[in-house]
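Student: The structure file my_file.cif (mmCIF, C-alpha atoms) is provided below.
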data_start
#
loop_
_atom_site.label_atom_id
_atom_site.label_comp_id
_atom_site.auth_asym_id
_atom_site.auth_seq_id
_atom_site.Cartn_x
_atom_site.Cartn_y
_atom_site.Cartn_z
CA MET B 548 -68.52 -7.30 -38.11
CA SER B 549 -68.70 -5.12 -41.22
CA LYS B 550 -70.91 -5.86 -44.19
CA PHE B 551 -67.83 -6.47 -46.32
CA GLU B 552 -66.32 -9.61 -44.81
CA GLN B 553 -66.10 -12.06 -41.97
CA ALA B 554 -63.07 -12.71 -39.78
CA PRO B 555 -60.45 -14.78 -41.62
CA GLU B 556 -59.68 -18.42 -41.00
CA PRO B 557 -56.12 -19.18 -39.87
CA ALA B 558 -53.68 -18.90 -42.77
CA SER B 559 -52.66 -22.21 -44.35
CA ALA B 560 -50.13 -20.85 -46.83
CA PRO B 561 -47.29 -18.30 -46.70
CA ALA B 562 -48.39 -14.70 -46.89
CA THR B 563 -48.40 -12.93 -50.25
CA ILE B 564 -45.77 -10.18 -50.21
CA HIS B 565 -45.28 -7.57 -52.93
CA PHE B 566 -42.34 -5.28 -53.60
CA ALA B 567 -41.83 -2.14 -55.66
CA ASP B 568 -41.51 -3.99 -58.96
CA ALA B 569 -45.12 -5.21 -58.60
CA ALA B 570 -46.54 -1.68 -58.38
CA ASP B 571 -47.53 0.65 -61.21
CA PRO B 572 -46.58 4.20 -60.12
CA ALA B 573 -48.67 5.69 -62.93
CA LEU B 574 -51.90 4.65 -61.21
CA ILE B 575 -51.50 6.85 -58.15
CA ARG B 576 -49.75 9.62 -60.08
CA ALA B 577 -52.86 9.90 -62.25
CA ARG B 578 -55.04 10.52 -59.18
CA ARG B 579 -55.67 13.50 -56.91
CA VAL B 580 -55.13 12.45 -53.30
CA ALA B 581 -56.66 14.10 -50.25
CA VAL B 582 -54.93 13.29 -46.96
CA VAL B 583 -57.40 13.98 -44.15
CA GLY B 584 -55.45 14.48 -40.94
CA TYR B 585 -51.94 15.83 -40.44
CA GLY B 586 -50.56 14.07 -37.40
CA ALA B 587 -47.31 12.12 -37.61
CA GLN B 588 -48.74 9.56 -40.05
CA GLY B 589 -50.68 12.07 -42.14
CA ARG B 590 -47.70 14.37 -42.54
CA ALA B 591 -45.34 11.55 -43.46
CA GLN B 592 -47.68 10.05 -46.03
CA ALA B 593 -48.51 13.43 -47.58
CA LEU B 594 -44.83 14.35 -47.94
CA ASN B 595 -43.87 10.96 -49.34
CA LEU B 596 -46.76 11.04 -51.82
CA ARG B 597 -45.77 14.49 -53.06
CA ASP B 598 -42.11 13.50 -53.37
CA SER B 599 -43.26 10.52 -55.46
CA GLY B 600 -44.97 12.82 -57.96
CA VAL B 601 -48.54 12.63 -56.63
CA ALA B 602 -50.91 15.62 -56.44
CA VAL B 603 -51.82 16.02 -52.76
CA ARG B 604 -54.00 18.31 -50.68
CA VAL B 605 -54.47 18.18 -46.92
CA GLY B 606 -57.85 18.23 -45.20
CA LEU B 607 -58.13 19.75 -41.72
CA ALA B 608 -60.78 21.50 -39.65
CA SER B 609 -60.72 25.28 -40.00
CA GLY B 610 -59.49 25.68 -36.42
CA SER B 611 -56.97 22.84 -36.47
CA ALA B 612 -53.57 23.59 -34.94
CA SER B 613 -52.01 21.46 -37.69
CA ARG B 614 -53.04 23.85 -40.47
CA ALA B 615 -50.01 26.09 -40.06
CA GLY B 616 -47.62 23.14 -40.25
CA ALA B 617 -49.25 21.72 -43.38
CA ALA B 618 -49.17 25.14 -45.05
CA ALA B 619 -45.53 25.63 -44.03
CA ASP B 620 -44.76 22.28 -45.68
CA GLY B 621 -46.16 23.72 -48.90
CA PHE B 622 -49.51 21.94 -49.10
CA ALA B 623 -52.81 23.41 -50.19
CA VAL B 624 -55.00 23.03 -47.11
CA GLY B 625 -58.78 22.96 -46.98
CA THR B 626 -61.51 21.41 -44.89
CA ALA B 627 -62.09 17.70 -45.28
CA ALA B 628 -65.17 18.53 -47.36
CA GLU B 629 -63.21 20.80 -49.69
CA VAL B 630 -60.37 18.39 -50.37
CA ALA B 631 -62.76 15.42 -50.66
CA ALA B 632 -64.66 17.26 -53.39
CA TRP B 633 -61.39 17.92 -55.24
CA ALA B 634 -59.83 14.47 -54.85
CA ASP B 635 -60.60 11.08 -56.33
CA VAL B 636 -58.63 9.24 -53.62
CA ILE B 637 -59.48 10.26 -50.04
CA VAL B 638 -57.26 8.84 -47.31
CA LEU B 639 -58.61 9.06 -43.75
CA LEU B 640 -55.66 9.49 -41.39
CA ALA B 641 -57.45 11.34 -38.59
CA PRO B 642 -57.71 9.55 -35.20
CA ASP B 643 -60.05 6.54 -35.16
CA GLY B 644 -62.48 8.22 -32.78
CA ALA B 645 -62.86 11.28 -35.00
CA GLN B 646 -63.21 9.46 -38.31
CA PRO B 647 -66.93 8.54 -38.22
CA ARG B 648 -68.02 12.15 -37.76
CA ILE B 649 -65.58 13.48 -40.39
CA TYR B 650 -66.69 10.81 -42.82
CA ALA B 651 -70.43 11.31 -42.29
CA ASP B 652 -70.39 15.11 -42.31
CA GLU B 653 -67.72 15.95 -44.88
CA ILE B 654 -66.61 12.98 -46.97
CA ALA B 655 -69.64 10.76 -47.61
CA PRO B 656 -71.58 13.45 -49.51
CA ARG B 657 -68.61 13.82 -51.87
CA LEU B 658 -67.89 10.15 -52.57
CA ALA B 659 -68.90 9.86 -56.20
CA PRO B 660 -68.75 6.48 -57.96
CA GLY B 661 -65.23 5.63 -59.11
CA LYS B 662 -63.52 7.38 -56.22
CA ALA B 663 -61.45 5.51 -53.63
CA LEU B 664 -61.55 5.70 -49.85
CA GLY B 665 -58.34 4.71 -48.11
CA CYS B 666 -57.17 4.29 -44.54
CA ALA B 667 -54.16 3.11 -42.53
CA HIS B 668 -56.24 1.14 -40.02
CA GLY B 669 -59.41 -0.80 -40.79
CA PHE B 670 -61.11 -0.12 -37.44
CA ASN B 671 -64.08 2.00 -38.53
CA VAL B 672 -64.80 0.20 -41.79
CA HIS B 673 -64.48 -3.25 -40.27
CA PHE B 674 -66.73 -2.49 -37.30
CA GLY B 675 -69.31 -0.63 -39.38
CA ALA B 676 -68.81 2.89 -38.03
CA ILE B 677 -68.05 3.90 -41.62
CA VAL B 678 -70.09 2.27 -44.40
CA PRO B 679 -68.95 3.47 -47.85
CA PRO B 680 -71.35 3.41 -50.80
CA ALA B 681 -71.30 0.56 -53.30
CA GLY B 682 -69.60 2.44 -56.15
CA VAL B 683 -66.43 3.31 -54.26
CA ASP B 684 -63.17 1.38 -53.87
CA VAL B 685 -62.28 0.85 -50.20
CA VAL B 686 -58.64 0.06 -49.50
CA LEU B 687 -56.16 -0.08 -46.66
CA VAL B 688 -52.41 0.54 -46.66
CA ALA B 689 -51.06 0.29 -43.11
CA PRO B 690 -47.37 1.17 -42.61
CA LYS B 691 -46.09 -0.86 -39.68
CA GLY B 692 -44.35 1.89 -37.78
CA PRO B 693 -44.66 5.51 -36.68
CA GLY B 694 -44.97 8.35 -39.18
CA LYS B 695 -41.57 9.87 -38.42
CA HIS B 696 -39.90 6.55 -39.15
CA LEU B 697 -41.89 6.22 -42.39
CA ARG B 698 -40.67 9.63 -43.52
CA ASP B 699 -37.06 9.21 -42.42
CA LEU B 700 -36.73 5.86 -44.18
CA TYR B 701 -38.30 7.23 -47.36
CA VAL B 702 -35.90 10.18 -47.45
CA GLY B 703 -33.00 7.78 -46.94
CA GLY B 704 -34.10 5.56 -49.83
CA GLY B 705 -35.77 2.88 -47.72
CA GLY B 706 -39.25 2.16 -46.48
CA LEU B 707 -41.42 0.61 -43.81
CA PRO B 708 -43.20 -2.71 -44.41
CA ALA B 709 -46.95 -2.34 -44.73
CA LEU B 710 -50.15 -4.34 -44.78
CA LEU B 711 -52.53 -4.01 -47.74
CA ALA B 712 -56.21 -4.93 -47.93
CA VAL B 713 -59.24 -4.35 -50.12
CA ALA B 714 -62.69 -4.25 -48.53
CA GLN B 715 -64.55 -3.22 -51.67
CA ASP B 716 -63.43 -3.34 -55.30
CA ALA B 717 -65.97 -1.29 -57.20
CA THR B 718 -63.74 -0.44 -60.15
CA GLY B 719 -61.88 -3.72 -60.54
CA HIS B 720 -58.60 -1.90 -59.92
CA ALA B 721 -58.69 -1.33 -56.15
CA ARG B 722 -55.84 -3.70 -55.32
CA ALA B 723 -53.56 -2.27 -58.01
CA LEU B 724 -54.34 1.26 -56.82
CA ALA B 725 -53.57 0.34 -53.21
CA LEU B 726 -50.26 -1.21 -54.24
CA SER B 727 -49.42 1.91 -56.25
CA TYR B 728 -50.21 4.01 -53.16
CA ALA B 729 -47.94 1.77 -51.08
CA TRP B 730 -45.20 2.38 -53.64
CA ALA B 731 -45.69 6.14 -53.40
CA ILE B 732 -45.28 6.28 -49.62
CA GLY B 733 -42.20 4.04 -49.79
CA CYS B 734 -43.62 0.89 -48.23
CA ALA B 735 -43.26 -1.25 -51.36
CA ARG B 736 -39.50 -0.79 -51.05
CA ALA B 737 -39.61 -2.86 -47.85
CA GLY B 738 -42.48 -5.22 -48.67
CA VAL B 739 -46.29 -5.11 -48.65
CA ILE B 740 -48.16 -8.05 -47.12
CA GLU B 741 -51.67 -8.81 -48.35
CA THR B 742 -54.30 -9.20 -45.65
CA THR B 743 -57.95 -8.32 -45.02
CA PHE B 744 -59.62 -5.48 -43.13
CA ALA B 745 -60.72 -7.98 -40.48
CA GLU B 746 -57.27 -9.47 -40.00
CA GLU B 747 -55.44 -6.13 -39.93
CA THR B 748 -57.89 -4.58 -37.49
CA GLU B 749 -58.22 -7.48 -35.09
CA THR B 750 -54.52 -8.41 -34.97
CA ASP B 751 -53.49 -4.77 -34.60
CA LEU B 752 -55.82 -4.19 -31.66
CA PHE B 753 -54.86 -7.49 -30.07
CA GLY B 754 -51.13 -6.87 -30.46
CA GLU B 755 -51.48 -3.45 -28.85
CA GLN B 756 -53.51 -4.72 -25.92
CA ALA B 757 -51.84 -8.07 -25.31
CA VAL B 758 -48.20 -7.12 -25.91
CA LEU B 759 -47.08 -3.73 -27.18
CA CYS B 760 -49.03 -1.39 -24.93
CA GLY B 761 -51.02 -3.43 -22.44
CA GLY B 762 -48.93 -6.49 -21.63
CA VAL B 763 -45.48 -4.92 -21.76
CA MET B 764 -46.43 -1.86 -19.73
CA ALA B 765 -48.16 -3.93 -17.06
CA VAL B 766 -45.24 -6.36 -16.69
CA VAL B 767 -42.69 -3.52 -16.54
CA LYS B 768 -44.64 -1.74 -13.79
CA ALA B 769 -45.22 -4.94 -11.81
CA ALA B 770 -41.55 -5.96 -12.00
CA PHE B 771 -40.39 -2.47 -11.02
CA GLU B 772 -42.79 -2.40 -8.08
CA THR B 773 -41.61 -5.84 -6.93
CA LEU B 774 -37.93 -4.82 -6.84
CA VAL B 775 -38.57 -1.49 -5.13
CA ALA B 776 -40.85 -3.12 -2.53
CA ALA B 777 -38.01 -5.58 -1.79
CA GLY B 778 -35.67 -2.67 -1.00
CA TYR B 779 -33.70 -2.24 -4.22
CA GLN B 780 -32.83 1.22 -5.57
CA PRO B 781 -35.57 2.54 -7.90
CA GLU B 782 -32.92 3.68 -10.40
CA VAL B 783 -31.46 0.17 -10.65
CA ALA B 784 -34.95 -1.31 -10.94
CA TYR B 785 -35.70 1.12 -13.80
CA ILE B 786 -32.57 0.09 -15.71
CA GLU B 787 -33.24 -3.62 -15.30
CA CYS B 788 -36.98 -3.66 -15.94
CA LEU B 789 -37.51 -0.87 -18.48
CA HIS B 790 -34.38 0.48 -20.14
CA GLU B 791 -32.90 -2.88 -21.13
CA LEU B 792 -36.21 -3.86 -22.72
CA ARG B 793 -35.24 -1.73 -25.73
CA LEU B 794 -32.07 -3.78 -26.25
CA THR B 795 -33.98 -7.05 -25.97
CA VAL B 796 -36.63 -6.01 -28.48
CA ASP B 797 -33.98 -4.86 -30.96
CA LEU B 798 -32.35 -8.29 -30.82
CA MET B 799 -35.66 -10.11 -31.32
CA CYS B 800 -36.58 -7.90 -34.28
CA ARG B 801 -33.23 -8.58 -35.96
CA GLY B 802 -33.22 -12.34 -35.66
CA GLY B 803 -36.17 -13.58 -33.64
CA MET B 804 -36.07 -15.18 -30.24
CA THR B 805 -33.28 -17.50 -31.40
CA GLN B 806 -30.93 -14.54 -31.91
CA LEU B 807 -31.94 -13.14 -28.54
CA GLY B 808 -30.99 -16.43 -26.90
CA GLU B 809 -27.67 -16.49 -28.77
CA SER B 810 -26.88 -12.90 -27.77
CA ILE B 811 -27.49 -13.07 -24.03
CA SER B 812 -25.68 -14.96 -21.32
CA ASP B 813 -26.46 -18.60 -20.61
CA THR B 814 -27.59 -17.47 -17.16
CA ALA B 815 -30.12 -15.04 -18.63
CA GLU B 816 -31.33 -17.57 -21.18
CA TRP B 817 -31.76 -20.34 -18.59
CA GLY B 818 -33.52 -18.04 -16.16
CA GLY B 819 -35.80 -16.64 -18.81
CA LEU B 820 -36.81 -20.03 -20.18
CA ARG B 821 -37.66 -21.21 -16.67
CA ALA B 822 -39.50 -18.07 -15.59
CA GLY B 823 -41.49 -17.31 -18.76
CA PRO B 824 -44.04 -20.15 -18.42
CA ARG B 825 -44.62 -19.19 -14.78
CA LEU B 826 -45.56 -15.64 -15.80
CA VAL B 827 -47.49 -16.47 -18.98
CA ASN B 828 -49.47 -19.56 -18.05
CA GLY B 829 -52.89 -21.07 -18.55
CA THR B 830 -54.58 -18.20 -16.73
CA THR B 831 -52.83 -15.69 -19.00
CA HIS B 832 -53.98 -17.57 -22.09
CA ILE B 833 -57.55 -17.53 -20.83
CA GLU B 834 -57.41 -13.75 -20.46
CA LEU B 835 -55.75 -13.33 -23.86
CA THR B 836 -58.55 -15.35 -25.42
CA ARG B 837 -61.09 -13.11 -23.69
CA LEU B 838 -59.31 -10.01 -25.01
CA LEU B 839 -59.40 -11.37 -28.54
CA GLY B 840 -63.06 -12.28 -28.17
CA GLU B 841 -63.94 -8.74 -27.10
CA ILE B 842 -62.08 -7.37 -30.12
CA ARG B 843 -63.60 -9.74 -32.66
CA SER B 844 -67.15 -9.31 -31.35
CA GLY B 845 -66.92 -5.52 -31.63
CA LYS B 846 -67.30 -5.01 -27.85
CA PHE B 847 -64.00 -3.12 -27.60
CA ALA B 848 -64.84 -1.00 -30.66
CA ARG B 849 -68.24 -0.04 -29.24
CA GLU B 850 -66.71 0.91 -25.89
CA TRP B 851 -63.94 2.94 -27.51
CA LEU B 852 -66.26 4.84 -29.85
CA ALA B 853 -68.55 5.58 -26.88
CA GLU B 854 -65.55 6.87 -24.93
CA CYS B 855 -64.61 9.14 -27.85
CA ALA B 856 -68.18 10.43 -28.12
CA ALA B 857 -68.10 11.23 -24.39
CA GLY B 858 -64.94 13.33 -24.71
CA GLN B 859 -62.42 10.66 -23.63
CA SER B 860 -62.74 11.52 -19.94
CA GLN B 861 -61.92 7.99 -18.78
CA LEU B 862 -58.82 7.94 -21.00
CA GLU B 863 -57.64 11.23 -19.51
CA ARG B 864 -58.06 9.84 -15.98
CA MET B 865 -56.06 6.74 -16.88
CA ARG B 866 -53.33 8.87 -18.47
CA ALA B 867 -53.07 10.96 -15.31
CA ILE B 868 -52.68 7.83 -13.19
CA GLU B 869 -49.96 6.47 -15.48
CA ARG B 870 -47.99 9.73 -15.36
CA LEU B 871 -47.89 9.50 -11.55
CA HIS B 872 -46.54 5.95 -11.43
CA PRO B 873 -43.13 5.81 -9.68
CA VAL B 874 -41.45 4.18 -12.69
CA GLU B 875 -42.30 7.29 -14.73
CA GLU B 876 -40.89 9.67 -12.12
CA VAL B 877 -37.72 7.62 -11.70
CA GLY B 878 -37.34 7.41 -15.48
CA ARG B 879 -37.65 11.17 -15.95
CA ARG B 880 -35.11 11.80 -13.20
CA LEU B 881 -32.66 9.18 -14.43
CA ARG B 882 -32.84 10.20 -18.10
CA ALA B 883 -32.07 13.79 -17.08
CA ARG B 884 -28.94 12.65 -15.24
CA LEU B 885 -27.86 10.06 -17.84
CA PRO B 886 -28.61 11.52 -21.29
CA LEU B 887 -27.42 8.37 -23.08
CA LEU B 888 -30.49 6.56 -21.71
CA ASN B 889 -32.58 8.77 -23.99
CA PRO B 890 -32.61 7.44 -27.60
CA ALA B 891 -33.02 11.05 -28.82
CA GLU B 892 -29.59 11.73 -27.36
CA GLY B 893 -28.01 8.81 -29.19
CA GLY B 894 -28.36 6.18 -26.49
#
Would you mind writing the file out in structure tokens?

Tutor:
Amino acid sequence: MSKFEQAPEPASAPATIHFADAADPALIRARRVAVVGYGAQGRAQALNLRDSGVAVRVGLASGSASRAGAAADGFAVGTAAEVAAWADVIVLLAPDGAQPRIYADEIAPRLAPGKALGCAHGFNVHFGAIVPPAGVDVVLVAPKGPGKHLRDLYVGGGGLPALLAVAQDATGHARALALSYAWAIGCARAGVIETTFAEETETDLFGEQAVLCGGVMAVVKAAFETLVAAGYQPEVAYIECLHELRLTVDLMCRGGMTQLGESISDTAEWGGLRAGPRLVNGTTHIELTRLLGEIRSGKFAREWLAECAAGQSQLERMRAIERLHPVEEVGRRLRARLPLLNPAEGG
């Protein structure tokens, strides 16, 4: 647990949500913003900030492959140390595992009182891998979607919803500055939900592990394996267990599980309502509680930071195993033969 806060109690009132009319654009426009990292999220935020009238520079290692792209986009590019010295708002958008070293070596020595440190995920601040000094505002604006989507929506006049949190308010204006930043990257157009560093970090990690990346991927593979082992065509198993998941999720996102039930056949609804509790039962809830406990205690964070420090060799082994799974091979083969299965092709 970080020095800033403890994990939140369950919410007893509706969340506080802000929109563009609650933000003061002048606050962020009066600042110099350094975006450290130029992956999908860093690029999108830097471009949106600049298009909103904010002075932006990009911080990257001297040998970074992203330097050419940032320069081609028209940004002044320096090392993290150089842009941190220039800026009064420094936004860490490098990968979580790289942030502690970048912060300690290049940013911390240049964090003068009155500056602000920002991030899009509270992982390192919440778990104490980054401990900012007392005179600095520490804020979080977390767009809830990939960088490309953030940029595309901004260009089209829309935005992604975001979470906003303040871990340290040294100036008395940290929250207003964070909301102004959310306006500048387009998120205030869609809505900004107030939270805490603890809540954002722990729910984000849990959602990834329990549902979005861990749970969904494991169920898809297990269901695919079950059908293929029973003698069904792998291509048909792929369509039923993986491809149609996209359609189901779209329906749930539009109108919740109620709309999903209203949009599918009575047969599918009846079967799903009967089968769901058999798959997600008391044993599953016990394991979900364990997962959450590992996240909240910092056990997962310690293991992940140790893995990053060791060069991510275990992660690479797991990636290699996943790439060899039959559902991946069938998917690659089927998408090549049926281009409409690939969303990039308009499917």

Student: Hey, which of B:Glu834, B:Asp699, B:Glu841, B:Glu746 ends up closest to B:Leu594? Count only C-alpha atoms.

Tutor: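 Checking each candidate against B:Leu594, we get B:Asp699 as the closest.
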
Student: Show me, as a ChimeraX atom specification, the residues that have an atom within 12 Å of B:Ile649 when counting only C-alpha atoms, minus same-chain residues fewer than 4 positions from it.

Tutor: /B:583-584,606-608,626-628,631,637-645,653-657,671,676-677

Student: Rank B:Ala757, B:Val686, B:Ile833, B:Leu885 by their smallest atom-to-atom distance to B:His720, using only C-alpha atoms, and report the top residue only.

Tutor: B:Val686

Student: Give me, please, the distance in Å between atom CA of B:Leu789 and atom CA of B:Phe771, quoted to one decimal.

Tutor: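 Atom CA of B:Phe771 lies 8.2 Å from atom CA of B:Leu789.
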
Student: Counting all atoms listed in the file, which residues of stretch 601-713 of chain B sit at most 12 Å from some atom of stretch 726-744 of chain B, and what is each one's closest atom pair with its distance in Å to one decimal, listed by chain and rising residue number, as a tab-separated table?

Tutor:
residue	atom	partner	partner_atom	distance
B:Val601	CA	B:Ala731	CA	7.8
B:Ala602	CA	B:Ala731	CA	11.2
B:Val603	CA	B:Ala731	CA	11.6
B:Val636	CA	B:Tyr728	CA	9.9
B:Ile637	CA	B:Tyr728	CA	11.6
B:Val638	CA	B:Tyr728	CA	10.4
B:Ala663	CA	B:Tyr728	CA	11.3
B:Leu664	CA	B:Tyr728	CA	11.9
B:Gly665	CA	B:Tyr728	CA	9.6
B:Cys666	CA	B:Phe744	CA	10.2
B:Ala667	CA	B:Phe744	CA	10.2
B:His668	CA	B:Phe744	CA	8.1
B:Gly669	CA	B:Phe744	CA	5.2
B:Phe670	CA	B:Phe744	CA	8.0
B:Asn671	CA	B:Phe744	CA	9.8
B:Val672	CA	B:Phe744	CA	7.8
B:His673	CA	B:Phe744	CA	6.1
B:Phe674	CA	B:Phe744	CA	9.7
B:Gly675	CA	B:Phe744	CA	11.5
B:Val685	CA	B:Phe744	CA	9.9
B:Val686	CA	B:Phe744	CA	8.5
B:Leu687	CA	B:Phe744	CA	7.3
B:Val688	CA	B:Ala729	CA	6.4
B:Ala689	CA	B:Ala729	CA	8.7
B:Pro690	CA	B:Cys734	CA	6.8
B:Lys691	CA	B:Cys734	CA	9.1
B:Gly692	CA	B:Cys734	CA	10.5
B:Gly694	CA	B:Ile732	CA	10.6
B:His696	CA	B:Gly733	CA	11.2
B:Leu697	CA	B:Gly733	CA	7.7
B:Arg698	CA	B:Ile732	CA	8.3
B:Asp699	CA	B:Gly733	CA	10.4
B:Leu700	CA	B:Gly733	CA	8.0
B:Tyr701	CA	B:Gly733	CA	5.6
B:Val702	CA	B:Gly733	CA	9.1
B:Gly703	CA	B:Gly733	CA	10.3
B:Gly704	CA	B:Gly733	CA	8.2
B:Gly705	CA	B:Arg736	CA	6.2
B:Gly706	CA	B:Gly733	CA	4.8
B:Leu707	CA	B:Cys734	CA	4.9
B:Pro708	CA	B:Ala737	CA	5.0
B:Ala709	CA	B:Val739	CA	4.8
B:Leu710	CA	B:Ile740	CA	4.8
B:Leu711	CA	B:Glu741	CA	4.9
B:Ala712	CA	B:Thr743	CA	4.8
B:Val713	CA	B:Thr743	CA	6.6

Student: Counting only C-alpha atoms, which of B:Glu854, B:Gln859, B:Ile786, B:His872 gets nearest to B:Ala765?

Tutor: B:His872

Student: So how far away is atom CA of B:Arg825 from atom CA of B:Glu875, in Å?

Tutor: 26.6 Å

Student: Measuring between all atoms listed in the file, which one of B:Val678, B:Val827, B:Met764, B:Ala848 shows the shortest distance to B:Leu792?

Tutor: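 Of B:Val678, B:Val827, B:Met764, B:Ala848, the one nearest B:Leu792, counting all atoms listed in the file, is B:Met764.
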
Student: To one decimal in Å, tell me the separation between atom CA of B:Leu852 and atom CA of B:Leu752.

Tutor: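 For atom CA of B:Leu852 relative to atom CA of B:Leu752, the distance reads 13.9 Å.
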
Student: Using all atoms listed in the file, what residues lie at most 12 Å away from (-49.8, 19.9, -46.6) (file coordinates), given as a ChimeraX atom specification?

Tutor: /B:580-586,589-597,602-607,613-626,630

Student: All heavy atoms for stretch 799-805 of chain B, written as a CSV table (one decimal), in the frame of the given file, could you do that?

Tutor:
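Writing the result to part.csv gives the following:
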chain,number,residue,atom,x,y,z
B,799,MET,N,-34.6,-9.2,-30.8
B,799,MET,CA,-35.7,-10.1,-31.3
B,799,MET,C,-36.1,-9.7,-32.7
B,799,MET,O,-36.4,-10.5,-33.6
B,799,MET,CB,-36.9,-10.1,-30.4
B,799,MET,CG,-36.6,-10.9,-29.1
B,799,MET,SD,-38.2,-11.2,-28.2
B,799,MET,CE,-38.6,-9.5,-27.7
B,800,CYS,N,-36.2,-8.4,-33.0
B,800,CYS,CA,-36.6,-7.9,-34.3
B,800,CYS,C,-35.5,-8.2,-35.4
B,800,CYS,O,-35.9,-8.4,-36.5
B,800,CYS,CB,-36.8,-6.4,-34.2
B,800,CYS,SG,-38.3,-5.9,-33.3
B,801,ARG,N,-34.3,-8.3,-35.0
B,801,ARG,CA,-33.2,-8.6,-36.0
B,801,ARG,C,-33.2,-10.1,-36.3
B,801,ARG,O,-33.0,-10.4,-37.5
B,801,ARG,CB,-31.9,-8.2,-35.4
B,801,ARG,CG,-31.6,-6.7,-35.3
B,801,ARG,CD,-30.2,-6.4,-35.0
B,801,ARG,NE,-30.0,-5.0,-34.6
B,801,ARG,CZ,-29.7,-4.6,-33.4
B,801,ARG,NH1,-29.5,-5.5,-32.4
B,801,ARG,NH2,-29.6,-3.3,-33.1
B,802,GLY,N,-33.4,-10.9,-35.4
B,802,GLY,CA,-33.2,-12.3,-35.7
B,802,GLY,C,-34.1,-13.3,-34.9
B,802,GLY,O,-33.8,-14.5,-34.7
B,803,GLY,N,-35.2,-12.7,-34.4
B,803,GLY,CA,-36.2,-13.6,-33.6
B,803,GLY,C,-35.7,-13.9,-32.3
B,803,GLY,O,-34.6,-13.5,-31.8
B,804,MET,N,-36.4,-14.8,-31.6
B,804,MET,CA,-36.1,-15.2,-30.2
B,804,MET,C,-34.8,-16.0,-30.2
B,804,MET,O,-34.1,-16.1,-29.2
B,804,MET,CB,-37.2,-15.9,-29.6
B,804,MET,CG,-38.5,-15.0,-29.4
B,804,MET,SD,-39.8,-15.8,-28.5
B,804,MET,CE,-41.1,-14.6,-28.8
B,805,THR,N,-34.5,-16.7,-31.3
B,805,THR,CA,-33.3,-17.5,-31.4
B,805,THR,C,-32.1,-16.6,-31.3
B,805,THR,O,-31.1,-16.9,-30.5
B,805,THR,CB,-33.2,-18.3,-32.7
B,805,THR,OG1,-34.3,-19.2,-32.8
B,805,THR,CG2,-31.9,-19.1,-32.8
